[in-house]
Structure formats: C-alpha cells, structure tokens
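Below is one structure, written out as structure tokens, with a few remarks after it.
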Amino acid sequence: MFLKEFESIVNSRRANRKFAEDIPVPDEVIETGLKHAMLAPNSSNMQLWEFHWIKDAALLNAMTPICLNQTAARTAKHLVAFVTRRDYWKEHAQWNYDLVKKEIGDKEPSKKEKRGLEYYGVMMPLVYRRDWLGIAALIRRIVCFIKGFKNPFMRINGNRDQNIIVHKSCALAAQTFMLSMSAQGFDTCPMEGFDPLRAKKALNLPKAAEITMIVAVGKGTTEGIQGERKRLPFEKTVVVHGTH
Ligand SMILES: Cc1cc2nc3c(=O)[nH]c(=O)nc-3n(C[C@H](O)[C@H](O)[C@H](O)COP(=O)(O)O)c2cc1C
C-alpha cells in the first residue's frame with residue numbers, strides 16, 4: 001500500500017557526514033522523530049531506553065571533540081544520543097504490571113491477564129535483576145539450564161545478554177528516528193565513533209546507562225555523501241532455507 005513512499009524514505013536515508021551550515025532543523029521535526037522512535041518495537045515493551053536530545057549550542061560544541069571531531073558532529077544542528085537504561089527495569093516492569101492490573105479492575109483475571117501479571121511480576125525480575133555477587137545471574141543460569149534441558153527456552157544468562165537485549169531495542173529506536181528525519185526532508189549520520197566515557201559524563205549518565213549510538217541531524221549536503229551506496233550482493237547476504 002505504501003511501498004513507493006517506504007522505498008523513497010529508505011533510499012533517501014544516507015549517512016550524511018556534512019550538514020548545511022545555514023539550514024536549521026526546527027524543533028518540531030526532532031520532536032516528531034522522537035515520538036516516532038518511541039513507537040519502535042522493543043523487548044517486552046520495557047522501553048529501557050532514553051533519548052538525549054542535544055540542541056544547546058554550548059553542549060553541541062562540547063560534544064564535537066567527544067565525537068572524535070567528526071564533521072557530522074561538528075556541523076550537526078542537533079545530536080540525539082540513544083541511551084540504554086537497563087537500570088529502569090524495576091520501574092518499567094511495575095508500570096507494565098500496573099497497566100495489566102488496571103485492565104483487570106475488579107473482575108476475575110483472564111488467563112492472558114494472569115500471564116501478563118506473571119510476566120512482569122516474575123519473569124522480568126528474573127531477566128533484569130543484577131547484584132554485586134552475581135547471585136541473580138547464577139539463578140538465571142540455573143533456571144535456563146533446567147528449563148532448557150528438554151524444551152526450547154529463551155536463554156538469558158550473564159550480564160552481557162542483558163546488555164544485548166537493551167541495545168537491540170535502542171538501535172531500533174535510532175533507526176526509526178533516522179527514517180522519520182528522512183521522511184521529514186532532513187538527514188542524519190549515526191555515530192559509534194565517540195568516546196563513551198566522556199559522552200556519558202557530558203550527558204550526566206549513570207554507570208548502568210550505555211550509549212548505543214549518537215545520531216547527528218541536519219540538512220545534508222552532496223559533499224556529505226561518500227559516493228554511491230555500496231552493499232554486498234543479495235546472495236551473499238540472504239541465506240534461504242528451503243523452497244516453497
Ligand atoms: C551503529 C553505527 C555506527 C556508525 N558510526 C559511524 C561513525 O561513527 N561515523 C560515520 O561517519 N559513520 C558511521 N556510521 C554510518 C555507516 O558508515 C553507514 O551507515 C554505512 O557506511 C552505510 O552507508 P549508508 O548509511 O549511507 O547506507 C555508523 C552506522 C551505524 C549503523
């Protein structure tokens with residue numbers, strides 16, 4: 001139905017490394033993009049992310065060396081840091097739990113609603129709890145081993161797996177944001193080329209937060225595009241299992 005529009009958005013999204021100095025990006029454009037990013041799919045609807053919108057000139061200037069003096073950062077009109085917040089798990093599990101509770105109200109909970117309460121009340125603590133001694137991770141390993149012994153089970157073991165979960169969702173939010181910028185006639189450059197320690201300090205982020213990527217936004221220039229889009233062949237990228 002919207003294939004043509006979708007294709008033109010996907011094709012116009014390029015990593016643009018130099019933005020026009022004299023063309024501003026209205027705040028409403030970024031706000032709309034951030035609202036679209038909030039609608040990205042995310043693990044268990046836990047929304048363990050935070051989008052840090054940097055529009056203050058002084059902070060933008062301070063971020064340039066942190067982003068390794070990349071031209072995209074230096075010429076950006078706005079920067080948005082997509083940040084994982086696994087430390088919000090308790091609060092967000094409770095928020096989801098309360099939504100199910102509210103849906104139940106005074107009536108007897110349905111099977112689906114009971115499953116919802118168990119999911120946010122029992123499963124999410126099992127997935128996201130972390131402690132100094134590693135006891136939560138050990139319990140998680142044991143549960144995964146026992147449950148997965150005979151039947152398929154989602155194996156979330158150590159702390160690394162928790163980090164991967166939150167980064168996956170956060171990257172999808174970043175991509176949704178970039179596509180939204182393209183749809184609104186602006187350009188972006190996603191960056192992992194930055195100093196994470198200094199960036200976290202500049203944004204007042206706690207230890208548990210991690211920056212998935214920083215997206216530079218502006219009106220792109222032709223110099224900002226590094227030639228034709230290059231991709232490996234379809235056959236090298238797509239592995240087809242079976243036939244129809
Ligand atoms: C997670 C991630 C990190 C990236 N980091 C940088 C970066 O630090 N600097 C940069 O110039 N481009 C960066 N890029 C952009 C890629 O180089 C670019 O997307 C790729 O070459 C494909 O080009 P296209 O986006 O124009 O299709 C990054 C892209 C992603 C997805």
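Letters A, B, ... mark the chains of the structure tokens in the order given; residue numbers begin at 1 per chain; ligand numbers begin at 1, in order shown.
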Kindly provide, as a ChimeraX atom specification, all nucleotide and amino acid residues lying within 12 Å of ligand 1, counting only C-alpha atoms and all ligand atoms. /A:9-18,64,66-74,81-82,167-168,170-175,178-179,182,187-196,211-216,220,222,224-232
Can I get the selection written as a short mmCIF file (atom, residue, chain, number, x, y, z; two decimals), in the first residue's frame, with C-alpha atoms?
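Contents of result_18.cif, as written:
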```cif
data_model
loop_
_atom_site.label_atom_id
_atom_site.label_comp_id
_atom_site.auth_asym_id
_atom_site.auth_seq_id
_atom_site.Cartn_x
_atom_site.Cartn_y
_atom_site.Cartn_z
CA ILE A 9 12.31 7.04 2.58
CA VAL A 10 14.69 4.05 2.81
CA ASN A 11 16.60 5.23 -0.27
CA SER A 12 16.88 8.83 0.87
CA ARG A 13 18.29 7.85 4.28
CA ARG A 14 22.03 8.02 3.81
CA ALA A 15 24.76 8.53 6.37
CA ASN A 16 25.45 12.19 5.59
CA ARG A 17 28.74 13.42 7.07
CA LYS A 18 28.37 17.15 6.41
CA THR A 64 32.31 17.66 18.87
CA ILE A 66 33.84 13.74 22.20
CA CYS A 67 32.59 12.56 18.78
CA LEU A 68 36.25 12.50 17.68
CA ASN A 69 35.86 15.77 15.74
CA GLN A 70 33.79 14.10 13.05
CA THR A 71 32.45 16.63 10.56
CA ALA A 72 28.96 15.19 11.01
CA ALA A 73 29.08 16.11 14.70
CA ARG A 74 30.70 19.49 14.10
CA ALA A 81 22.11 10.12 21.88
CA PHE A 82 20.22 6.84 22.05
CA HIS A 167 20.93 -2.31 22.84
CA LYS A 168 18.82 -4.19 20.26
CA CYS A 170 17.59 1.06 21.41
CA ALA A 171 19.11 0.60 17.93
CA LEU A 172 15.63 0.06 16.50
CA ALA A 173 14.53 3.33 18.09
CA ALA A 174 17.52 5.08 16.49
CA GLN A 175 16.67 3.64 13.07
CA MET A 178 16.52 8.34 11.27
CA LEU A 179 13.77 7.19 8.91
CA SER A 182 14.32 11.33 6.09
CA ASP A 187 19.41 13.95 7.08
CA THR A 188 21.30 12.02 9.70
CA CYS A 189 24.57 10.33 10.49
CA PRO A 190 24.57 7.55 13.09
CA MET A 191 27.85 7.52 15.03
CA GLU A 192 29.57 4.98 17.21
CA GLY A 193 32.77 6.93 16.74
CA PHE A 194 32.73 8.74 20.09
CA ASP A 195 34.37 8.45 23.50
CA PRO A 196 31.75 6.66 25.62
CA ILE A 211 25.07 4.90 24.61
CA THR A 212 24.01 2.75 21.65
CA MET A 213 24.80 5.48 19.13
CA ILE A 214 24.71 9.23 18.70
CA VAL A 215 22.73 10.49 15.71
CA ALA A 216 23.75 13.78 14.10
CA GLY A 220 22.64 17.05 4.32
CA THR A 222 26.25 16.45 -1.51
CA GLY A 224 28.44 14.76 2.97
CA ILE A 225 27.64 11.67 0.91
CA GLN A 226 30.53 9.29 0.25
CA GLY A 227 29.58 8.14 -3.24
CA GLU A 228 27.09 5.54 -4.36
CA ARG A 229 25.54 3.28 -1.81
CA LYS A 230 27.53 0.06 -1.64
CA ARG A 231 26.14 -3.25 -0.45
CA LEU A 232 27.32 -6.85 -0.76
#
```
For the helix (DSSP H, G or I) assignment from backbone DSSP, which residues of segment 100-168 of chain A qualify? Please present them as a ChimeraX atom specification. /A:100-104,111-128,135-150,159-168
For Leu59 of chain A, please output as a ChimeraX atom specification all residues within 10 Å (counting only C-alpha atoms; exclusion window: fewer than 5 positions along the same chain). /A:54,64,79,202-203
Write a file of the just-selected residues containing all heavy atoms, as a tab-separated table (two decimals), in the first residue's frame.
```
chain	number	residue	atom	x	y	z
A	54	ILE	N	20.26	16.82	22.17
A	54	ILE	CA	21.24	17.88	22.46
A	54	ILE	C	21.05	19.00	21.44
A	54	ILE	O	21.35	18.84	20.25
A	54	ILE	CB	22.68	17.31	22.37
A	54	ILE	CG1	22.81	16.13	23.35
A	54	ILE	CG2	23.71	18.39	22.68
A	54	ILE	CD1	23.93	15.18	22.99
A	64	THR	N	31.52	17.88	20.09
A	64	THR	CA	32.31	17.66	18.87
A	64	THR	C	33.59	16.87	19.12
A	64	THR	O	33.81	15.83	18.50
A	64	THR	CB	32.59	19.00	18.15
A	64	THR	OG1	31.33	19.60	17.84
A	64	THR	CG2	33.35	18.80	16.85
A	79	LEU	N	22.02	16.86	18.03
A	79	LEU	CA	22.52	15.49	18.21
A	79	LEU	C	21.51	14.77	19.08
A	79	LEU	O	20.94	15.37	20.00
A	79	LEU	CB	23.88	15.48	18.93
A	79	LEU	CG	25.11	16.03	18.20
A	79	LEU	CD1	26.30	16.06	19.16
A	79	LEU	CD2	25.45	15.19	16.97
A	202	ALA	N	29.34	13.97	29.91
A	202	ALA	CA	28.73	15.20	29.38
A	202	ALA	C	27.21	15.16	29.50
A	202	ALA	O	26.56	16.19	29.66
A	202	ALA	CB	29.14	15.39	27.92
A	203	LEU	N	26.64	13.97	29.43
A	203	LEU	CA	25.17	13.84	29.48
A	203	LEU	C	24.67	13.46	30.87
A	203	LEU	O	23.48	13.15	31.04
A	203	LEU	CB	24.69	12.81	28.43
A	203	LEU	CG	25.06	13.12	26.98
A	203	LEU	CD1	24.61	12.00	26.05
A	203	LEU	CD2	24.45	14.45	26.51
```
Just the residues within 12 Å of Glu103 of chain A, please, counting only C-alpha atoms, with nothing from its chain fewer than 5 positions along; format it as a list of chain:residue names. A:Asn96, A:Tyr97, A:Asp98, A:Glu108, A:Pro109, A:Ser110, A:Lys112, A:Glu113, A:Lys114, A:Gly116, A:Leu117
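The interatomic distance for the pair atom CA of Met63 of chain A and atom CA of Pro206 of chain A works out to 17.7 Å.
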List as a list of chain:residue names the protein and nucleic acid residues near Lys207 of chain A, meaning an atom at most 12 Å away when only C-alpha atoms are counted, but skip any in the same chain fewer than 6 places from it.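 After dropping sequence-adjacent residues, the list is A:Val83, A:Thr84, A:Arg85, A:Arg86, A:Asp87, A:Pro196, A:Leu197, A:Ala199, A:Lys200, A:Lys201.
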Looking only at strand (DSSP E) from DSSP on the backbone, list the matching residues of chain A as a PyMOL selection string. chain A and resi 49-54+78-84+187-191+210-218
Kindly assemble as a tab-separated table a list of the segment 21-118 of chain A residues that lie within 12 Å of segment 128-149 of chain A, each paired with its nearest atom pair and their distance in Å to one decimal, using only C-alpha atoms, sorted first by chain and then by ascending residue number.
```
residue	atom	partner	partner_atom	distance
A:Ser43	CA	A:Tyr128	CA	11.7
A:Ser44	CA	A:Tyr128	CA	11.6
A:Met46	CA	A:Tyr128	CA	10.5
A:Leu48	CA	A:Tyr128	CA	10.6
A:Arg85	CA	A:Tyr128	CA	11.1
A:Arg86	CA	A:Tyr128	CA	7.4
A:Asp87	CA	A:Tyr128	CA	8.5
A:Tyr88	CA	A:Tyr128	CA	9.5
A:Trp89	CA	A:Tyr128	CA	6.5
A:Lys90	CA	A:Tyr128	CA	8.3
A:Glu91	CA	A:Tyr128	CA	11.5
A:His92	CA	A:Tyr128	CA	11.1
A:Ala93	CA	A:Tyr128	CA	9.7
```
Dump of all heavy atoms for the selected residues, as an mmCIF file, in the first residue's frame:
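Output contents, as saved in part_5.cif:
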```
data_model
loop_
_atom_site.group_PDB
_atom_site.id
_atom_site.type_symbol
_atom_site.label_atom_id
_atom_site.label_comp_id
_atom_site.auth_asym_id
_atom_site.auth_seq_id
_atom_site.Cartn_x
_atom_site.Cartn_y
_atom_site.Cartn_z
ATOM 1 N N SER A 43 11.927 -4.815 23.429
ATOM 2 C CA SER A 43 11.807 -6.080 24.158
ATOM 3 C C SER A 43 10.838 -5.979 25.334
ATOM 4 O O SER A 43 11.028 -5.150 26.240
ATOM 5 C CB SER A 43 13.194 -6.501 24.651
ATOM 6 O OG SER A 43 13.107 -7.753 25.262
ATOM 7 N N SER A 44 9.789 -6.802 25.307
ATOM 8 C CA SER A 44 8.774 -6.901 26.374
ATOM 9 C C SER A 44 8.084 -5.574 26.683
ATOM 10 O O SER A 44 7.528 -5.403 27.764
ATOM 11 C CB SER A 44 9.381 -7.452 27.668
ATOM 12 O OG SER A 44 9.993 -8.685 27.449
ATOM 13 N N MET A 46 9.442 -3.022 27.581
ATOM 14 C CA MET A 46 10.062 -2.483 28.799
ATOM 15 C C MET A 46 10.628 -1.066 28.577
ATOM 16 O O MET A 46 10.921 -0.352 29.534
ATOM 17 C CB MET A 46 11.152 -3.434 29.297
ATOM 18 C CG MET A 46 10.594 -4.695 29.947
ATOM 19 S SD MET A 46 9.936 -4.360 31.600
ATOM 20 C CE MET A 46 11.452 -4.377 32.564
ATOM 21 N N LEU A 48 13.480 0.228 27.871
ATOM 22 C CA LEU A 48 14.663 0.534 28.696
ATOM 23 C C LEU A 48 15.644 1.392 27.893
ATOM 24 O O LEU A 48 16.756 0.989 27.566
ATOM 25 C CB LEU A 48 15.301 -0.766 29.194
ATOM 26 C CG LEU A 48 14.380 -1.547 30.140
ATOM 27 C CD1 LEU A 48 14.961 -2.908 30.479
ATOM 28 C CD2 LEU A 48 14.095 -0.762 31.416
ATOM 29 N N ARG A 85 18.879 2.094 29.234
ATOM 30 C CA ARG A 85 18.712 2.291 30.680
ATOM 31 C C ARG A 85 18.197 0.994 31.308
ATOM 32 O O ARG A 85 17.049 0.901 31.727
ATOM 33 C CB ARG A 85 17.733 3.443 30.941
ATOM 34 C CG ARG A 85 18.227 4.818 30.534
ATOM 35 C CD ARG A 85 19.526 5.224 31.208
ATOM 36 N NE ARG A 85 19.466 5.207 32.643
ATOM 37 C CZ ARG A 85 19.344 6.281 33.426
ATOM 38 N NH1 ARG A 85 19.304 7.461 32.893
ATOM 39 N NH2 ARG A 85 19.301 6.163 34.738
ATOM 40 N N ARG A 86 19.090 -0.016 31.393
ATOM 41 C CA ARG A 86 18.644 -1.282 31.996
ATOM 42 C C ARG A 86 18.321 -1.090 33.479
ATOM 43 O O ARG A 86 17.584 -1.863 34.067
ATOM 44 C CB ARG A 86 19.657 -2.403 31.774
ATOM 45 C CG ARG A 86 20.982 -2.171 32.420
ATOM 46 C CD ARG A 86 21.888 -3.371 32.401
ATOM 47 N NE ARG A 86 23.194 -3.003 32.901
ATOM 48 C CZ ARG A 86 23.472 -2.811 34.184
ATOM 49 N NH1 ARG A 86 22.547 -2.994 35.100
ATOM 50 N NH2 ARG A 86 24.680 -2.439 34.553
ATOM 51 N N ASP A 87 18.865 -0.013 34.053
ATOM 52 C CA ASP A 87 18.621 0.268 35.480
ATOM 53 C C ASP A 87 17.168 0.697 35.749
ATOM 54 O O ASP A 87 16.755 0.761 36.899
ATOM 55 C CB ASP A 87 19.600 1.340 35.993
ATOM 56 C CG ASP A 87 19.637 2.591 35.118
ATOM 57 O OD1 ASP A 87 19.516 2.473 33.879
ATOM 58 O OD2 ASP A 87 19.781 3.685 35.677
ATOM 59 N N TYR A 88 16.405 0.980 34.709
ATOM 60 C CA TYR A 88 14.997 1.345 34.910
ATOM 61 C C TYR A 88 14.081 0.128 34.942
ATOM 62 O O TYR A 88 12.865 0.280 34.901
ATOM 63 C CB TYR A 88 14.517 2.259 33.775
ATOM 64 C CG TYR A 88 15.009 3.696 33.829
ATOM 65 C CD1 TYR A 88 14.942 4.510 32.693
ATOM 66 C CD2 TYR A 88 15.518 4.256 34.996
ATOM 67 C CE1 TYR A 88 15.378 5.819 32.720
ATOM 68 C CE2 TYR A 88 15.968 5.563 35.018
ATOM 69 C CZ TYR A 88 15.896 6.339 33.888
ATOM 70 O OH TYR A 88 16.324 7.641 33.917
ATOM 71 N N TRP A 89 14.652 -1.087 34.971
ATOM 72 C CA TRP A 89 13.815 -2.278 34.769
ATOM 73 C C TRP A 89 12.699 -2.410 35.806
ATOM 74 O O TRP A 89 11.570 -2.750 35.461
ATOM 75 C CB TRP A 89 14.673 -3.553 34.702
ATOM 76 C CG TRP A 89 15.223 -4.030 36.023
ATOM 77 C CD1 TRP A 89 16.458 -3.756 36.530
ATOM 78 C CD2 TRP A 89 14.567 -4.868 36.976
ATOM 79 N NE1 TRP A 89 16.619 -4.351 37.749
ATOM 80 C CE2 TRP A 89 15.470 -5.049 38.053
ATOM 81 C CE3 TRP A 89 13.325 -5.479 37.056
ATOM 82 C CZ2 TRP A 89 15.162 -5.810 39.184
ATOM 83 C CZ3 TRP A 89 13.021 -6.244 38.180
ATOM 84 C CH2 TRP A 89 13.927 -6.393 39.222
ATOM 85 N N LYS A 90 13.018 -2.107 37.094
ATOM 86 C CA LYS A 90 12.012 -2.298 38.151
ATOM 87 C C LYS A 90 10.820 -1.381 37.927
ATOM 88 O O LYS A 90 9.672 -1.797 37.957
ATOM 89 C CB LYS A 90 12.645 -1.963 39.512
ATOM 90 C CG LYS A 90 12.771 -3.157 40.413
ATOM 91 C CD LYS A 90 13.228 -2.740 41.783
ATOM 92 C CE LYS A 90 14.031 -3.880 42.362
ATOM 93 N NZ LYS A 90 14.751 -3.512 43.568
ATOM 94 N N GLU A 91 11.166 -0.117 37.695
ATOM 95 C CA GLU A 91 10.146 0.918 37.487
ATOM 96 C C GLU A 91 9.262 0.590 36.261
ATOM 97 O O GLU A 91 8.037 0.689 36.323
ATOM 98 C CB GLU A 91 10.915 2.215 37.240
ATOM 99 C CG GLU A 91 10.168 3.490 37.353
ATOM 100 C CD GLU A 91 11.094 4.631 36.910
ATOM 101 O OE1 GLU A 91 12.234 4.724 37.437
ATOM 102 O OE2 GLU A 91 10.674 5.398 36.046
ATOM 103 N N HIS A 92 9.897 0.162 35.173
ATOM 104 C CA HIS A 92 9.135 -0.096 33.949
ATOM 105 C C HIS A 92 8.364 -1.414 34.005
ATOM 106 O O HIS A 92 7.293 -1.531 33.404
ATOM 107 C CB HIS A 92 10.057 -0.055 32.726
ATOM 108 C CG HIS A 92 10.605 1.317 32.447
ATOM 109 N ND1 HIS A 92 11.137 1.692 31.244
ATOM 110 C CD2 HIS A 92 10.686 2.430 33.240
ATOM 111 C CE1 HIS A 92 11.536 2.955 31.296
ATOM 112 N NE2 HIS A 92 11.273 3.422 32.517
ATOM 113 N N ALA A 93 8.912 -2.393 34.747
ATOM 114 C CA ALA A 93 8.166 -3.653 34.923
ATOM 115 C C ALA A 93 6.904 -3.350 35.737
ATOM 116 O O ALA A 93 5.810 -3.828 35.429
ATOM 117 C CB ALA A 93 9.025 -4.697 35.623
#
```
Work out how far atom CA of Val166 of chain A is from atom CA of Gln184 of chain A, in Å to one decimal.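 Those two atoms sit 27.4 Å apart.
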Within 7 Å of Gly33 of chain A, counting only C-alpha atoms, which residues qualify if same-chain residues fewer than 3 places away don't, as a list in words?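 My reading of the contact set: Val29, Ile30, His36, Ala37, Phe177, Ser180 and Met181 of chain A.
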Measuring between only C-alpha atoms, which one of A:Asp56, A:Glu28, A:Glu223, A:Glu50 shows the shortest distance to Ala209 of chain A? A:Glu50
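Straight-line separation from atom CA of Gln47 of chain A to atom CA of Gly158 of chain A: 20.3 Å.
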